[in-house]
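Comments concern the structure below.
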Amino acid sequence: LKSNACVAYAAIQHYLWLVVFAWMIVEGVLMYLSLVQVFGSHISKYMLKFNLICWGVPVIFPIIGYFAFTKTVSVGDVSVVQSDYIADSMCFLKPGELPFLTLFVIPLIIAILVNLVFFVMVLKVISNSTNANVSETQLIMQHC
């Protein structure tokens with residue numbers, strides 16, 4: 001299964017998953033900017049910048065994964081490619097190995113944690129605004 005096509009498929013799939021994680025972070029940032037920092041949160045050409053970041057930064061990870069964790073072992077005239085990056089039984093990263101953990105699981109965990117932080121900040125703003133509306137309503141009812 002470690003043909004060139006399999007390696008290319010695994011690297012592309014790895015890249016696309018990382019792009020999804022990057023867009024998850026951008027969605028959290030945009031939610032935060034639109035609901036928490038309403039004023040003064042304009043980013044010039046923000047979609048261009050977010051596209052460059054989300055499609056550009058993840059390219060590094062599959063390249064590092066392949067070249068750092070793949071080696072060719074030669075014995076006499078026979079050469080064998082050994083990879084800790086690609087699994088033996090499927091065209092994807094080798095689960096449980098260092099490349100899988102550092103280049104796939106950790107970015108996923110970071111994306112989830114960043115979004116949780118943004119989500120909590122947005123929830124605080126929403127709950128404070130509903131509390132403010134309730135207290136205004138209570139004040140109006142007390143004066144009637």
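Quick note on naming: the chains in the structure tokens go A, B, ... in the order shown, residues restart at 1 in each chain, and ligands are numbered from 1 in order of appearance.
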Among the residues of chain A, find those DSSP assigns to helix (DSSP H, G or I) from the backbone and print them as a ChimeraX atom specification. /A:4-35,46-69,98-143
- Message: Using DSSP assignments from the backbone, pull out every residue in chain A that falls under strand (DSSP E or B) and give it to me as a PyMOL selection string.
- Response: chain A and resi 70-75+78-83+86+93
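Proximity of A:Tyr9, A:Trp23, A:Tyr66, A:Phe119 to Leu35 of chain A, computed with only C-alpha atoms, is greatest for A:Phe119.
Summary of the local environment: counting only C-alpha atoms, residues at most 8 Å from segment 105-110 of chain A, other than itself and those fewer than 4 positions away along its chain, are Leu18, Phe21, Phe100, Leu101 and Val114 of chain A.
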- Message: If we count only C-alpha atoms and set the cut-off at 12 Å, which residues sit around Val122 of chain A, ignoring sequence neighbours fewer than 6 positions away in its own chain? Please answer as a ChimeraX atom specification.
- Response: /A:28-38,115-116,128-129
Residue selection dump (N, CA, C and O atoms) as a PDB file, in the first residue's frame:
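Dumped everything to selection.pdb:
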```pdb
ATOM      1  N   GLY A  28     -14.113  30.523  14.738  1.00  0.00           N
ATOM      2  CA  GLY A  28     -14.128  30.974  16.128  1.00  0.00           C
ATOM      3  C   GLY A  28     -13.704  32.424  16.255  1.00  0.00           C
ATOM      4  O   GLY A  28     -14.309  33.200  17.000  1.00  0.00           O
ATOM      5  N   VAL A  29     -12.671  32.799  15.525  1.00  0.00           N
ATOM      6  CA  VAL A  29     -12.197  34.189  15.541  1.00  0.00           C
ATOM      7  C   VAL A  29     -13.281  35.126  15.021  1.00  0.00           C
ATOM      8  O   VAL A  29     -13.553  36.176  15.615  1.00  0.00           O
ATOM      9  N   LEU A  30     -13.908  34.749  13.920  1.00  0.00           N
ATOM     10  CA  LEU A  30     -14.952  35.599  13.352  1.00  0.00           C
ATOM     11  C   LEU A  30     -16.157  35.717  14.285  1.00  0.00           C
ATOM     12  O   LEU A  30     -16.738  36.795  14.411  1.00  0.00           O
ATOM     13  N   MET A  31     -16.526  34.616  14.939  1.00  0.00           N
ATOM     14  CA  MET A  31     -17.627  34.665  15.905  1.00  0.00           C
ATOM     15  C   MET A  31     -17.266  35.605  17.051  1.00  0.00           C
ATOM     16  O   MET A  31     -18.074  36.431  17.470  1.00  0.00           O
ATOM     17  N   TYR A  32     -16.035  35.499  17.532  1.00  0.00           N
ATOM     18  CA  TYR A  32     -15.570  36.371  18.613  1.00  0.00           C
ATOM     19  C   TYR A  32     -15.592  37.835  18.173  1.00  0.00           C
ATOM     20  O   TYR A  32     -16.098  38.699  18.894  1.00  0.00           O
ATOM     21  N   LEU A  33     -15.044  38.117  17.004  1.00  0.00           N
ATOM     22  CA  LEU A  33     -14.975  39.501  16.528  1.00  0.00           C
ATOM     23  C   LEU A  33     -16.361  40.093  16.295  1.00  0.00           C
ATOM     24  O   LEU A  33     -16.593  41.268  16.582  1.00  0.00           O
ATOM     25  N   SER A  34     -17.286  39.298  15.793  1.00  0.00           N
ATOM     26  CA  SER A  34     -18.604  39.849  15.484  1.00  0.00           C
ATOM     27  C   SER A  34     -19.487  39.991  16.710  1.00  0.00           C
ATOM     28  O   SER A  34     -20.354  40.864  16.741  1.00  0.00           O
ATOM     29  N   LEU A  35     -19.284  39.179  17.737  1.00  0.00           N
ATOM     30  CA  LEU A  35     -20.164  39.243  18.903  1.00  0.00           C
ATOM     31  C   LEU A  35     -19.525  39.857  20.145  1.00  0.00           C
ATOM     32  O   LEU A  35     -20.231  40.372  20.996  1.00  0.00           O
ATOM     33  N   VAL A  36     -18.226  39.790  20.271  1.00  0.00           N
ATOM     34  CA  VAL A  36     -17.559  40.306  21.473  1.00  0.00           C
ATOM     35  C   VAL A  36     -16.897  41.650  21.197  1.00  0.00           C
ATOM     36  O   VAL A  36     -17.138  42.631  21.883  1.00  0.00           O
ATOM     37  N   GLN A  37     -16.080  41.698  20.177  1.00  0.00           N
ATOM     38  CA  GLN A  37     -15.392  42.943  19.821  1.00  0.00           C
ATOM     39  C   GLN A  37     -16.077  43.547  18.605  1.00  0.00           C
ATOM     40  O   GLN A  37     -15.537  43.559  17.511  1.00  0.00           O
ATOM     41  N   VAL A  38     -17.258  44.066  18.816  1.00  0.00           N
ATOM     42  CA  VAL A  38     -18.054  44.557  17.700  1.00  0.00           C
ATOM     43  C   VAL A  38     -17.398  45.777  17.063  1.00  0.00           C
ATOM     44  O   VAL A  38     -17.278  45.873  15.848  1.00  0.00           O
ATOM     45  N   ASN A 115     -11.299  27.145  19.885  1.00  0.00           N
ATOM     46  CA  ASN A 115     -12.718  27.392  19.676  1.00  0.00           C
ATOM     47  C   ASN A 115     -13.505  27.342  20.975  1.00  0.00           C
ATOM     48  O   ASN A 115     -14.471  28.090  21.131  1.00  0.00           O
ATOM     49  N   LEU A 116     -13.114  26.492  21.897  1.00  0.00           N
ATOM     50  CA  LEU A 116     -13.781  26.468  23.205  1.00  0.00           C
ATOM     51  C   LEU A 116     -13.580  27.783  23.948  1.00  0.00           C
ATOM     52  O   LEU A 116     -14.509  28.302  24.572  1.00  0.00           O
ATOM     53  N   ASN A 128     -24.390  38.010  29.589  1.00  0.00           N
ATOM     54  CA  ASN A 128     -24.398  39.350  30.194  1.00  0.00           C
ATOM     55  C   ASN A 128     -25.413  40.251  29.504  1.00  0.00           C
ATOM     56  O   ASN A 128     -26.064  41.061  30.160  1.00  0.00           O
ATOM     57  N   SER A 129     -25.554  40.123  28.192  1.00  0.00           N
ATOM     58  CA  SER A 129     -26.519  40.970  27.498  1.00  0.00           C
ATOM     59  C   SER A 129     -27.951  40.556  27.838  1.00  0.00           C
ATOM     60  O   SER A 129     -28.819  41.408  27.968  1.00  0.00           O
TER      61      SER A 129
END
```
